[in-house]
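*Asks:* PDB, C-alpha atoms, saved as protein-v7.pdb, coming up:
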ATOM      1  CA  MET A   1      72.543  29.943  61.684
ATOM      2  CA  GLU A   2      72.415  27.460  58.787
ATOM      3  CA  LYS A   3      72.827  29.386  55.552
ATOM      4  CA  TYR A   4      69.998  29.232  52.999
ATOM      5  CA  ALA A   5      71.208  27.804  49.699
ATOM      6  CA  ASP A   6      69.685  30.256  47.203
ATOM      7  CA  PRO A   7      71.853  33.400  46.850
ATOM      8  CA  HIS A   8      69.088  35.104  44.843
ATOM      9  CA  LEU A   9      66.692  35.286  47.803
ATOM     10  CA  LYS A  10      67.102  38.635  49.518
ATOM     11  CA  VAL A  11      65.218  39.965  52.534
ATOM     12  CA  PHE A  12      65.011  43.683  53.291
ATOM     13  CA  SER A  13      63.657  45.292  56.434
ATOM     14  CA  LEU A  14      62.086  48.726  56.424
ATOM     15  CA  SER A  15      61.289  50.747  59.537
ATOM     16  CA  GLY A  16      57.896  49.217  60.375
ATOM     17  CA  ASN A  17      59.037  46.110  62.262
ATOM     18  CA  LYS A  18      62.801  45.590  62.290
ATOM     19  CA  PRO A  19      62.872  43.082  65.201
ATOM     20  CA  LEU A  20      60.452  40.757  63.391
ATOM     21  CA  ALA A  21      62.355  41.108  60.111
ATOM     22  CA  GLN A  22      65.596  40.118  61.829
ATOM     23  CA  LYS A  23      63.955  37.029  63.339
ATOM     24  CA  VAL A  24      62.491  36.055  59.953
ATOM     25  CA  ALA A  25      65.863  36.399  58.222
ATOM     26  CA  THR A  26      67.550  34.307  60.927
ATOM     27  CA  ALA A  27      64.885  31.603  60.628
ATOM     28  CA  ILE A  28      65.394  31.445  56.856
ATOM     29  CA  GLY A  29      69.169  31.413  57.139
ATOM     30  CA  VAL A  30      70.039  34.709  55.444
ATOM     31  CA  GLU A  31      71.405  38.070  56.523
ATOM     32  CA  LEU A  32      69.177  41.096  56.094
ATOM     33  CA  SER A  33      70.217  42.850  52.905
ATOM     34  CA  LYS A  34      71.820  46.262  53.216
ATOM     35  CA  ILE A  35      69.744  49.390  52.894
ATOM     36  CA  ASN A  36      70.071  52.976  54.060
ATOM     37  CA  ILE A  37      66.934  54.941  54.944
ATOM     38  CA  SER A  38      67.365  58.640  55.592
ATOM     39  CA  ARG A  39      65.337  61.826  55.483
ATOM     40  CA  PHE A  40      65.796  65.229  53.969
ATOM     41  CA  SER A  41      65.454  68.201  56.287
ATOM     42  CA  ASP A  42      61.812  68.659  55.230
ATOM     43  CA  GLY A  43      60.928  65.060  56.136
ATOM     44  CA  GLU A  44      61.101  63.467  52.678
ATOM     45  CA  ILE A  45      62.175  59.817  52.761
ATOM     46  CA  GLN A  46      65.270  58.760  50.843
ATOM     47  CA  ILE A  47      66.210  55.106  50.316
ATOM     48  CA  ASN A  48      69.501  53.736  49.046
ATOM     49  CA  ILE A  49      69.835  50.000  48.358
ATOM     50  CA  GLU A  50      73.463  49.205  49.132
ATOM     51  CA  GLU A  51      73.852  45.953  47.199
ATOM     52  CA  SER A  52      72.862  44.591  43.800
ATOM     53  CA  VAL A  53      69.392  43.068  43.455
ATOM     54  CA  ARG A  54      69.520  42.444  39.700
ATOM     55  CA  GLY A  55      67.741  39.172  38.953
ATOM     56  CA  ASP A  56      66.970  38.522  42.634
ATOM     57  CA  ASN A  57      63.750  37.458  44.334
ATOM     58  CA  VAL A  58      63.343  40.213  46.903
ATOM     59  CA  TYR A  59      61.160  40.133  50.019
ATOM     60  CA  ILE A  60      60.403  43.430  51.777
ATOM     61  CA  ILE A  61      59.159  43.116  55.360
ATOM     62  CA  GLN A  62      57.107  46.138  56.359
ATOM     63  CA  SER A  63      54.191  46.532  58.767
ATOM     64  CA  THR A  64      52.244  49.636  57.832
ATOM     65  CA  SER A  65      51.343  50.372  61.450
ATOM     66  CA  ALA A  66      51.837  53.714  63.205
ATOM     67  CA  PRO A  67      53.165  55.981  61.829
ATOM     68  CA  VAL A  68      50.950  54.513  59.116
ATOM     69  CA  ASN A  69      51.523  57.063  56.363
ATOM     70  CA  ASP A  70      55.305  57.198  56.834
ATOM     71  CA  ASN A  71      55.583  53.412  56.750
ATOM     72  CA  LEU A  72      53.340  53.133  53.698
ATOM     73  CA  MET A  73      55.277  55.795  51.795
ATOM     74  CA  GLU A  74      58.559  54.140  52.756
ATOM     75  CA  LEU A  75      57.261  50.860  51.331
ATOM     76  CA  LEU A  76      56.165  52.448  48.056
ATOM     77  CA  ILE A  77      59.532  54.172  47.610
ATOM     78  CA  MET A  78      61.359  50.908  48.314
ATOM     79  CA  ILE A  79      59.310  48.990  45.734
ATOM     80  CA  ASP A  80      60.039  51.674  43.147
ATOM     81  CA  ALA A  81      63.764  51.534  43.928
ATOM     82  CA  LEU A  82      63.822  47.730  43.568
ATOM     83  CA  ARG A  83      61.932  47.824  40.278
ATOM     84  CA  ARG A  84      64.363  50.379  38.865
ATOM     85  CA  ALA A  85      67.257  48.217  40.125
ATOM     86  CA  SER A  86      66.015  45.238  38.037
ATOM     87  CA  ALA A  87      64.877  42.920  40.832
ATOM     88  CA  LYS A  88      63.316  39.793  39.324
ATOM     89  CA  THR A  89      60.381  39.679  41.756
ATOM     90  CA  ILE A  90      59.292  42.138  44.445
ATOM     91  CA  ASN A  91      57.404  40.350  47.207
ATOM     92  CA  VAL A  92      55.794  42.596  49.806
ATOM     93  CA  VAL A  93      55.524  40.945  53.230
ATOM     94  CA  MET A  94      53.000  42.894  55.298
ATOM     95  CA  PRO A  95      52.563  41.429  58.783
ATOM     96  CA  TYR A  96      50.106  44.284  59.375
ATOM     97  CA  TYR A  97      48.189  45.904  56.492
ATOM     98  CA  GLY A  98      47.339  49.485  57.419
ATOM     99  CA  TYR A  99      44.023  50.964  56.231
ATOM    100  CA  ALA A 100      42.483  47.468  56.097
ATOM    101  CA  ARG A 101      39.490  48.618  58.164
ATOM    102  CA  GLN A 102      38.440  50.927  55.334
ATOM    103  CA  ASP A 103      37.449  48.030  53.086
ATOM    104  CA  ARG A 104      33.949  49.198  52.082
ATOM    105  CA  LYS A 105      31.690  52.222  51.901
ATOM    106  CA  ALA A 106      29.881  52.121  55.244
ATOM    107  CA  ARG A 107      28.327  55.538  54.601
ATOM    108  CA  SER A 108      27.810  57.819  51.614
ATOM    109  CA  ARG A 109      30.839  59.593  50.145
ATOM    110  CA  GLU A 110      33.392  57.447  51.997
ATOM    111  CA  PRO A 111      36.534  56.100  50.277
ATOM    112  CA  ILE A 112      37.603  52.462  50.108
ATOM    113  CA  THR A 113      41.155  53.100  51.233
ATOM    114  CA  ALA A 114      42.159  49.440  51.526
ATOM    115  CA  LYS A 115      41.598  49.203  47.759
ATOM    116  CA  LEU A 116      43.544  52.429  47.178
ATOM    117  CA  VAL A 117      46.538  50.953  49.030
ATOM    118  CA  ALA A 118      46.289  47.801  46.896
ATOM    119  CA  ASN A 119      46.242  49.927  43.737
ATOM    120  CA  MET A 120      49.327  51.860  44.842
ATOM    121  CA  LEU A 121      51.312  48.715  45.666
ATOM    122  CA  GLU A 122      50.512  47.193  42.280
ATOM    123  CA  THR A 123      51.104  50.372  40.290
ATOM    124  CA  VAL A 124      54.531  50.978  41.811
ATOM    125  CA  GLY A 125      55.688  47.448  40.968
ATOM    126  CA  ALA A 126      54.890  44.813  43.621
ATOM    127  CA  THR A 127      54.613  41.323  42.127
ATOM    128  CA  ARG A 128      53.190  39.509  45.184
ATOM    129  CA  VAL A 129      51.802  40.320  48.626
ATOM    130  CA  LEU A 130      52.132  38.133  51.706
ATOM    131  CA  ALA A 131      49.715  39.355  54.385
ATOM    132  CA  LEU A 132      48.688  38.221  57.846
ATOM    133  CA  ASP A 133      45.073  38.247  59.043
ATOM    134  CA  LEU A 134      43.622  40.973  56.865
ATOM    135  CA  HIS A 135      40.747  42.758  58.589
ATOM    136  CA  ALA A 136      38.451  41.542  55.814
ATOM    137  CA  ALA A 137      39.264  38.545  53.619
ATOM    138  CA  GLN A 138      37.855  40.259  50.522
ATOM    139  CA  ILE A 139      40.860  42.617  50.515
ATOM    140  CA  GLN A 140      42.674  39.800  48.704
ATOM    141  CA  GLY A 141      40.341  40.504  45.787
ATOM    142  CA  PHE A 142      41.454  44.136  45.651
ATOM    143  CA  PHE A 143      44.697  42.914  44.052
ATOM    144  CA  ASP A 144      45.321  41.546  40.560
ATOM    145  CA  ILE A 145      48.659  40.080  41.681
ATOM    146  CA  PRO A 146      49.014  36.937  43.848
ATOM    147  CA  VAL A 147      48.163  37.387  47.530
ATOM    148  CA  ASP A 148      49.104  34.793  50.145
ATOM    149  CA  HIS A 149      46.907  35.283  53.202
ATOM    150  CA  MET A 150      48.339  33.851  56.426
ATOM    151  CA  ALA A 151      46.332  32.964  59.533
ATOM    152  CA  GLY A 152      47.655  34.154  62.880
ATOM    153  CA  ALA A 153      45.200  31.937  64.761
ATOM    154  CA  THR A 154      47.454  28.932  64.210
ATOM    155  CA  LYS A 155      50.274  30.443  66.264
ATOM    156  CA  LEU A 156      47.876  31.753  68.897
ATOM    157  CA  ALA A 157      46.306  28.295  69.191
ATOM    158  CA  ASP A 158      49.752  26.774  69.681
ATOM    159  CA  TYR A 159      50.384  29.105  72.604
ATOM    160  CA  LEU A 160      46.970  28.477  74.171
ATOM    161  CA  ILE A 161      47.518  24.715  74.048
ATOM    162  CA  THR A 162      51.149  24.583  75.161
ATOM    163  CA  SER A 163      50.546  27.055  78.006
ATOM    164  CA  GLY A 164      47.596  25.030  79.289
ATOM    165  CA  ILE A 165      45.106  27.876  78.879
ATOM    166  CA  ALA A 166      42.987  25.846  76.455
ATOM    167  CA  ASN A 167      41.306  22.939  78.234
ATOM    168  CA  ASP A 168      38.039  20.994  78.340
ATOM    169  CA  ASN A 169      36.327  23.927  80.046
ATOM    170  CA  THR A 170      37.237  26.459  77.340
ATOM    171  CA  ILE A 171      34.725  28.345  75.231
ATOM    172  CA  VAL A 172      35.779  30.561  72.314
ATOM    173  CA  VAL A 173      33.999  33.905  72.063
ATOM    174  CA  SER A 174      33.571  36.155  69.052
ATOM    175  CA  PRO A 175      33.504  39.865  70.019
ATOM    176  CA  ASP A 176      30.889  40.535  67.324
ATOM    177  CA  HIS A 177      28.884  38.843  64.574
ATOM    178  CA  GLY A 178      31.556  39.630  61.988
ATOM    179  CA  GLY A 179      34.150  37.554  63.841
ATOM    180  CA  VAL A 180      32.165  34.303  63.970
ATOM    181  CA  THR A 181      34.214  32.575  61.258
ATOM    182  CA  ARG A 182      37.468  33.496  63.009
ATOM    183  CA  ALA A 183      36.147  32.229  66.359
ATOM    184  CA  ARG A 184      34.997  28.939  64.848
ATOM    185  CA  ALA A 185      38.407  28.454  63.248
ATOM    186  CA  LEU A 186      40.150  28.949  66.605
ATOM    187  CA  ALA A 187      37.746  26.542  68.333
ATOM    188  CA  GLU A 188      38.579  23.963  65.656
ATOM    189  CA  LEU A 189      42.315  24.478  66.135
ATOM    190  CA  LEU A 190      41.892  24.036  69.888
ATOM    191  CA  GLY A 191      39.851  20.876  69.394
ATOM    192  CA  SER A 192      36.976  22.387  71.349
ATOM    193  CA  SER A 193      33.628  20.601  71.187
ATOM    194  CA  GLU A 194      31.837  23.568  72.789
ATOM    195  CA  PRO A 195      29.708  25.828  70.572
ATOM    196  CA  ILE A 196      31.155  29.330  70.355
ATOM    197  CA  ALA A 197      29.619  32.334  72.104
ATOM    198  CA  ILE A 198      28.997  35.719  70.471
ATOM    199  CA  ILE A 199      28.931  39.206  71.966
ATOM    200  CA  ASP A 200      26.064  41.138  70.423
ATOM    201  CA  LYS A 201      27.012  44.800  70.140
ATOM    202  CA  ARG A 202      26.195  47.943  68.215
ATOM    203  CA  ARG A 203      28.840  50.398  66.985
ATOM    204  CA  PRO A 204      27.330  53.878  66.420
ATOM    205  CA  LYS A 205      30.731  55.344  65.471
ATOM    206  CA  ALA A 206      34.431  54.400  65.264
ATOM    207  CA  ASN A 207      35.980  53.083  68.508
ATOM    208  CA  VAL A 208      32.603  53.295  70.310
ATOM    209  CA  ALA A 209      30.468  50.207  70.940
ATOM    210  CA  GLN A 210      27.427  49.319  73.011
ATOM    211  CA  ILE A 211      27.389  45.768  74.407
ATOM    212  CA  MET A 212      23.868  44.352  74.154
ATOM    213  CA  ASN A 213      24.026  40.737  75.364
ATOM    214  CA  ILE A 214      25.909  37.432  75.184
ATOM    215  CA  ILE A 215      24.684  34.747  72.804
ATOM    216  CA  GLY A 216      25.698  31.393  74.280
ATOM    217  CA  ASP A 217      26.304  29.878  77.712
ATOM    218  CA  VAL A 218      29.572  31.028  79.307
ATOM    219  CA  LYS A 219      28.713  30.322  82.948
ATOM    220  CA  GLY A 220      31.633  28.676  84.743
ATOM    221  CA  LYS A 221      33.678  28.575  81.523
ATOM    222  CA  ARG A 222      37.167  29.805  80.666
ATOM    223  CA  ALA A 223      36.298  32.259  77.892
ATOM    224  CA  ILE A 224      38.804  33.052  75.137
ATOM    225  CA  MET A 225      37.894  36.058  73.012
ATOM    226  CA  ILE A 226      39.518  36.327  69.573
ATOM    227  CA  ASP A 227      39.795  39.294  67.227
ATOM    228  CA  ASP A 228      42.036  40.242  64.331
ATOM    229  CA  MET A 229      43.225  43.399  66.098
ATOM    230  CA  ILE A 230      42.993  45.359  69.330
ATOM    231  CA  ASP A 231      42.904  49.124  68.812
ATOM    232  CA  THR A 232      41.908  51.189  71.852
ATOM    233  CA  GLY A 233      40.888  48.086  73.796
ATOM    234  CA  GLY A 234      37.821  49.782  75.239
ATOM    235  CA  THR A 235      35.215  47.709  73.424
ATOM    236  CA  ILE A 236      36.890  44.376  74.018
ATOM    237  CA  ALA A 237      37.383  45.208  77.717
ATOM    238  CA  LYS A 238      33.656  45.951  78.012
ATOM    239  CA  GLY A 239      32.923  42.639  76.324
ATOM    240  CA  ALA A 240      35.147  40.844  78.828
ATOM    241  CA  GLN A 241      33.315  42.482  81.721
ATOM    242  CA  LYS A 242      29.991  41.373  80.233
ATOM    243  CA  LEU A 243      31.301  37.791  80.035
ATOM    244  CA  LYS A 244      32.262  37.940  83.716
ATOM    245  CA  ASP A 245      28.837  39.368  84.556
ATOM    246  CA  GLU A 246      27.290  36.395  82.751
ATOM    247  CA  GLY A 247      29.276  33.985  84.929
ATOM    248  CA  ALA A 248      32.483  33.261  82.994
ATOM    249  CA  ALA A 249      35.152  31.961  85.390
ATOM    250  CA  GLU A 250      38.096  33.522  83.516
ATOM    251  CA  VAL A 251      38.445  35.645  80.402
ATOM    252  CA  TYR A 252      41.413  35.769  78.013
ATOM    253  CA  VAL A 253      41.788  37.586  74.716
ATOM    254  CA  VAL A 254      43.914  36.679  71.706
ATOM    255  CA  ALA A 255      44.462  38.934  68.697
ATOM    256  CA  THR A 256      46.882  38.981  65.800
ATOM    257  CA  HIS A 257      47.526  42.718  65.625
ATOM    258  CA  ALA A 258      48.306  44.843  68.695
ATOM    259  CA  VAL A 259      47.502  48.318  67.363
ATOM    260  CA  PHE A 260      47.177  49.666  70.930
ATOM    261  CA  SER A 261      46.250  53.290  70.233
ATOM    262  CA  ALA A 262      44.987  55.973  72.639
ATOM    263  CA  GLU A 263      44.287  54.528  76.132
ATOM    264  CA  ALA A 264      44.670  50.884  75.103
ATOM    265  CA  VAL A 265      47.347  49.973  77.664
ATOM    266  CA  ASP A 266      45.292  51.289  80.602
ATOM    267  CA  ASN A 267      42.062  49.792  79.245
ATOM    268  CA  LEU A 268      43.605  46.336  78.919
ATOM    269  CA  GLN A 269      45.725  46.256  82.071
ATOM    270  CA  ASN A 270      42.785  47.434  84.194
ATOM    271  CA  SER A 271      40.334  45.007  82.577
ATOM    272  CA  VAL A 272      39.166  41.605  83.847
ATOM    273  CA  PHE A 273      41.377  39.787  81.330
ATOM    274  CA  GLU A 274      43.765  37.232  82.811
ATOM    275  CA  LYS A 275      46.096  37.682  79.816
ATOM    276  CA  VAL A 276      46.162  39.667  76.584
ATOM    277  CA  ILE A 277      47.857  37.477  73.968
ATOM    278  CA  VAL A 278      48.987  39.010  70.661
ATOM    279  CA  THR A 279      51.549  38.344  67.936
ATOM    280  CA  ASP A 280      54.552  40.489  67.053
ATOM    281  CA  SER A 281      53.077  41.592  63.707
ATOM    282  CA  ILE A 282      53.410  45.138  65.086
ATOM    283  CA  ASP A 283      56.572  46.213  66.888
ATOM    284  CA  LEU A 284      55.529  47.448  70.324
ATOM    285  CA  PRO A 285      57.621  50.036  72.172
ATOM    286  CA  GLU A 286      58.211  49.474  75.885
ATOM    287  CA  SER A 287      55.568  52.110  76.673
ATOM    288  CA  LYS A 288      52.910  49.826  75.159
ATOM    289  CA  LYS A 289      53.888  46.728  77.129
ATOM    290  CA  PHE A 290      52.185  45.809  80.406
ATOM    291  CA  PRO A 291      52.103  42.888  82.872
ATOM    292  CA  LYS A 292      49.103  41.087  81.332
ATOM    293  CA  LEU A 293      50.590  41.188  77.825
ATOM    294  CA  VAL A 294      52.004  38.093  76.091
ATOM    295  CA  GLN A 295      53.589  38.345  72.622
ATOM    296  CA  VAL A 296      53.807  35.264  70.395
ATOM    297  CA  THR A 297      56.217  35.474  67.467
ATOM    298  CA  ILE A 298      55.113  34.781  63.915
ATOM    299  CA  ALA A 299      58.693  34.827  62.584
ATOM    300  CA  ASP A 300      58.995  31.077  61.960
ATOM    301  CA  MET A 301      55.643  30.998  60.158
ATOM    302  CA  MET A 302      56.519  33.959  57.929
ATOM    303  CA  ALA A 303      59.953  32.482  57.236
ATOM    304  CA  GLU A 304      58.505  29.169  56.103
ATOM    305  CA  ALA A 305      56.009  30.961  53.862
ATOM    306  CA  ILE A 306      58.807  32.978  52.229
ATOM    307  CA  VAL A 307      60.873  29.846  51.602
ATOM    308  CA  ARG A 308      57.878  28.019  50.136
ATOM    309  CA  ILE A 309      57.095  30.937  47.812
ATOM    310  CA  ASN A 310      60.737  31.206  46.769
ATOM    311  CA  GLU A 311      60.823  27.482  45.937
ATOM    312  CA  ASP A 312      57.455  27.533  44.126
ATOM    313  CA  ARG A 313      55.877  25.312  46.769
ATOM    314  CA  ALA A 314      52.344  25.680  48.090
ATOM    315  CA  VAL A 315      51.780  27.740  51.218
ATOM    316  CA  SER A 316      48.381  26.228  52.058
ATOM    317  CA  PRO A 317      49.730  22.973  53.621
ATOM    318  CA  MET A 318      51.041  25.099  56.506
ATOM    319  CA  PHE A 319      47.465  25.693  57.641
ATOM    320  CA  ARG A 320      45.829  22.322  57.134
ATOM    321  CA  LYS A 321      46.713  21.478  60.712
ATOM    322  CA  ARG A 322      47.775  23.372  63.816
ATOM    323  CA  PHE A 323      51.083  25.054  62.970
ATOM    324  CA  THR A 324      54.187  23.756  64.700
ATOM    325  CA  VAL A 325      57.782  24.743  64.096
ATOM    326  CA  ASP A 326      59.311  22.509  61.439
ATOM    327  CA  GLU A 327      62.658  22.676  59.747
ATOM    328  CA  ILE A 328      62.197  25.760  57.572
ATOM    329  CA  THR A 329      64.129  24.504  54.560
ATOM    330  CA  LYS A 330      62.887  20.923  54.662
TER     331      LYS A 330
END
The structure given in the file should be rewritten as structure tokens.

*Replies:*
Amino acid sequence: MEKYADPHLKVFSLSGNKPLAQKVATAIGVELSKINISRFSDGEIQINIEESVRGDNVYIIQSTSAPVNDNLMELLIMIDALRRASAKTINVVMPYYGYARQDRKARSREPITAKLVANMLETVGATRVLALDLHAAQIQGFFDIPVDHMAGATKLADYLITSGIANDNTIVVSPDHGGVTRARALAELLGSSEPIAIIDKRRPKANVAQIMNIIGDVKGKRAIMIDDMIDTGGTIAKGAQKLKDEGAAEVYVVATHAVFSAEAVDNLQNSVFEKVIVTDSIDLPESKKFPKLVQVTIADMMAEAIVRINEDRAVSPMFRKRFTVDEITK
């Protein structure tokens, strides 16, 4: 590992996604900084930073996935500890932003919890947030500190092209009307000249959807569905079956965040999908892995973003073209 030149860049990993954090640190050329996370007998979290961070630019890598509340509280405590230890900047790297689905009041008397999380991160002392594929882009506006919003589609597109899945017979499919922009972006990255298709559905309540029809011609095509996350997998599996019923030759799905709650593993493995392709934004235990699953790492992309931020260079050039692995410190 080539050592990164700036001794004031420090990367800490919390409990949310340690394997990804280790890969990011290695790609940058630093060791993960030392930290001890323990619990009192009643479950309270205690954090001890075991090296000086005075005057340092600190990057905390934490996915606030399940257990969502524990990981979020751990992150807040860590930010507070760094602020009290005189860190120069506290940069929160959130490969997965928990509570992002609660970004608006869909019904009366509902909270906007994504905004509450943003308020807590700012209040406790975060100076910047680096996030990956937020469920809704407007969440960036919930913050009054800088937010760098990364696109997972670039890495997913790389895999689809290099594996040969994307070809002249490919059509990109949005699982709902809200995902049209994401689907168009993937089609652009794949160089597809085909118009996208859309699955028209109704969602009467959380994790329940009714598939109405397919907008677009998928007959004989290799369909690639894209979403920001897969939760229970039931809805997206139904959408895949509808695509097959409409004549699609093969169906794949790509998603940035593999939440995989409830019966997701069974729903996806027993579906008509050829492959389920996700990133490692969420650390999956072995019990949530299955034969159709492919994980694509985002470590090199996150590492380059951290280096660019640390060196006051723009992050946006990373996404002006399909992302490929470059020399991180170039």

*Asks:* Here's the selection I'm unsure about, the PyMOL selection byres ((chain A and resi 260) around 6); applied to the file above, which residues does it give, as a list in words?

*Replies:* Asp231, Thr232, Ala258, Val259, Ser261 and Ala264 of chain A

*Asks:* Next, dump the selected residues to file, keeping only C-alpha atoms, as a CSV table (one decimal), in the frame of the given file.

*Replies:*
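The result, written out as again-v4.csv:
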chain,number,residue,atom,x,y,z
A,231,ASP,CA,42.9,49.1,68.8
A,232,THR,CA,41.9,51.2,71.9
A,258,ALA,CA,48.3,44.8,68.7
A,259,VAL,CA,47.5,48.3,67.4
A,261,SER,CA,46.2,53.3,70.2
A,264,ALA,CA,44.7,50.9,75.1

*Asks:* Once the PyMOL selection byres ((chain A and resi 184) around 9) has been evaluated on this model, what residues remain selected, and can you format them as number ranges by chain?

*Replies:* A: 172-174, 179-183, 185-189, 195-196

*Asks:* Okay, now the selection with C-alpha atoms, as a compact mmCIF listing (two decimals), keeping the file's coordinate frame?

*Replies:*
# COMPACT_ATOMS: atom_id res chain seq x y z
CA VAL A 172 35.78 30.56 72.31
CA VAL A 173 34.00 33.90 72.06
CA SER A 174 33.57 36.16 69.05
CA GLY A 179 34.15 37.55 63.84
CA VAL A 180 32.16 34.30 63.97
CA THR A 181 34.21 32.58 61.26
CA ARG A 182 37.47 33.50 63.01
CA ALA A 183 36.15 32.23 66.36
CA ALA A 185 38.41 28.45 63.25
CA LEU A 186 40.15 28.95 66.60
CA ALA A 187 37.75 26.54 68.33
CA GLU A 188 38.58 23.96 65.66
CA LEU A 189 42.32 24.48 66.14
CA PRO A 195 29.71 25.83 70.57
CA ILE A 196 31.16 29.33 70.36

*Asks:* Would you compute the distance between CA of Ser163 in chain A and CA of Lys23 in chain A? Give it in Å to one decimal.

*Replies:*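 Result for CA of Ser163 in chain A versus CA of Lys23 in chain A: 22.2 Å, one decimal.
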
*Asks:* With only C-alpha atoms counted, which protein, DNA or RNA residues have an atom no more than 12 Å from (31.7, 35.9, 80.1) in the file frame? Please answer as a PDB file with C-alpha atoms, in the coordinates of the input.

*Replies:*
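To be explicit, this is the file written out as point-v7.pdb:
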ATOM      1  CA  THR A 170      37.237  26.459  77.340  1.00  0.00           C
ATOM      2  CA  ILE A 171      34.725  28.345  75.231  1.00  0.00           C
ATOM      3  CA  VAL A 172      35.779  30.561  72.314  1.00  0.00           C
ATOM      4  CA  VAL A 173      33.999  33.905  72.063  1.00  0.00           C
ATOM      5  CA  SER A 174      33.571  36.155  69.052  1.00  0.00           C
ATOM      6  CA  PRO A 175      33.504  39.865  70.019  1.00  0.00           C
ATOM      7  CA  ILE A 196      31.155  29.330  70.355  1.00  0.00           C
ATOM      8  CA  ALA A 197      29.619  32.334  72.104  1.00  0.00           C
ATOM      9  CA  ILE A 198      28.997  35.719  70.471  1.00  0.00           C
ATOM     10  CA  ILE A 199      28.931  39.206  71.966  1.00  0.00           C
ATOM     11  CA  ASN A 213      24.026  40.737  75.364  1.00  0.00           C
ATOM     12  CA  ILE A 214      25.909  37.432  75.184  1.00  0.00           C
ATOM     13  CA  ILE A 215      24.684  34.747  72.804  1.00  0.00           C
ATOM     14  CA  GLY A 216      25.698  31.393  74.280  1.00  0.00           C
ATOM     15  CA  ASP A 217      26.304  29.878  77.712  1.00  0.00           C
ATOM     16  CA  VAL A 218      29.572  31.028  79.307  1.00  0.00           C
ATOM     17  CA  LYS A 219      28.713  30.322  82.948  1.00  0.00           C
ATOM     18  CA  GLY A 220      31.633  28.676  84.743  1.00  0.00           C
ATOM     19  CA  LYS A 221      33.678  28.575  81.523  1.00  0.00           C
ATOM     20  CA  ARG A 222      37.167  29.805  80.666  1.00  0.00           C
ATOM     21  CA  ALA A 223      36.298  32.259  77.892  1.00  0.00           C
ATOM     22  CA  ILE A 224      38.804  33.052  75.137  1.00  0.00           C
ATOM     23  CA  MET A 225      37.894  36.058  73.012  1.00  0.00           C
ATOM     24  CA  ILE A 236      36.890  44.376  74.018  1.00  0.00           C
ATOM     25  CA  ALA A 237      37.383  45.208  77.717  1.00  0.00           C
ATOM     26  CA  LYS A 238      33.656  45.951  78.012  1.00  0.00           C
ATOM     27  CA  GLY A 239      32.923  42.639  76.324  1.00  0.00           C
ATOM     28  CA  ALA A 240      35.147  40.844  78.828  1.00  0.00           C
ATOM     29  CA  GLN A 241      33.315  42.482  81.721  1.00  0.00           C
ATOM     30  CA  LYS A 242      29.991  41.373  80.233  1.00  0.00           C
ATOM     31  CA  LEU A 243      31.301  37.791  80.035  1.00  0.00           C
ATOM     32  CA  LYS A 244      32.262  37.940  83.716  1.00  0.00           C
ATOM     33  CA  ASP A 245      28.837  39.368  84.556  1.00  0.00           C
ATOM     34  CA  GLU A 246      27.290  36.395  82.751  1.00  0.00           C
ATOM     35  CA  GLY A 247      29.276  33.985  84.929  1.00  0.00           C
ATOM     36  CA  ALA A 248      32.483  33.261  82.994  1.00  0.00           C
ATOM     37  CA  ALA A 249      35.152  31.961  85.390  1.00  0.00           C
ATOM     38  CA  GLU A 250      38.096  33.522  83.516  1.00  0.00           C
ATOM     39  CA  VAL A 251      38.445  35.645  80.402  1.00  0.00           C
ATOM     40  CA  TYR A 252      41.413  35.769  78.013  1.00  0.00           C
ATOM     41  CA  VAL A 253      41.788  37.586  74.716  1.00  0.00           C
ATOM     42  CA  VAL A 272      39.166  41.605  83.847  1.00  0.00           C
ATOM     43  CA  PHE A 273      41.377  39.787  81.330  1.00  0.00           C
TER      44      PHE A 273
END

*Asks:* Which residue is closest to Ser65 in chain A? Choose from A:His8, A:Lys292, A:His257, A:Arg308 and count all atoms listed in the file.

*Replies:*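 Result for the nearest residue to Ser65 in chain A: A:His257.
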
*Asks:* Within 12 Å of range 137-145 of chain A, which residues of range 28-100 of chain A show up? Give each one with its shortest atom-to-atom distance in Å (one decimal) and the two atoms involved, counting all atoms listed in the file, rows by chain then rising residue number, as a tab-separated table.

*Replies:*
residue	atom	partner	partner_atom	distance
A:Thr89	CA	A:Ile145	CA	11.7
A:Ile90	CA	A:Ile145	CA	11.2
A:Asn91	CA	A:Ile145	CA	10.3
A:Val92	CA	A:Ile145	CA	11.1
A:Tyr97	CA	A:Ile139	CA	10.0
A:Gly98	CA	A:Ile139	CA	11.7
A:Tyr99	CA	A:Ile139	CA	10.6
A:Ala100	CA	A:Ile139	CA	7.6

*Asks:* Identify, on the basis of all atoms listed in the file, every residue whose closest approach to Ser15 in chain A does not exceed 12 Å; exclude the query and any residue fewer than 6 positions from it along the same chain; express the result as a VMD selection string.

*Replies:* chain A and resid 21 to 22 35 to 38 45 47 60 to 68 70 to 75 78 282 to 283

*Asks:* For Gln295 in chain A, find every residue with an atom within 9 Å (counting all atoms listed in the file), except residues of its own chain fewer than 2 positions away, and show them as number ranges by chain.

*Replies:* A: 276-280, 293, 297
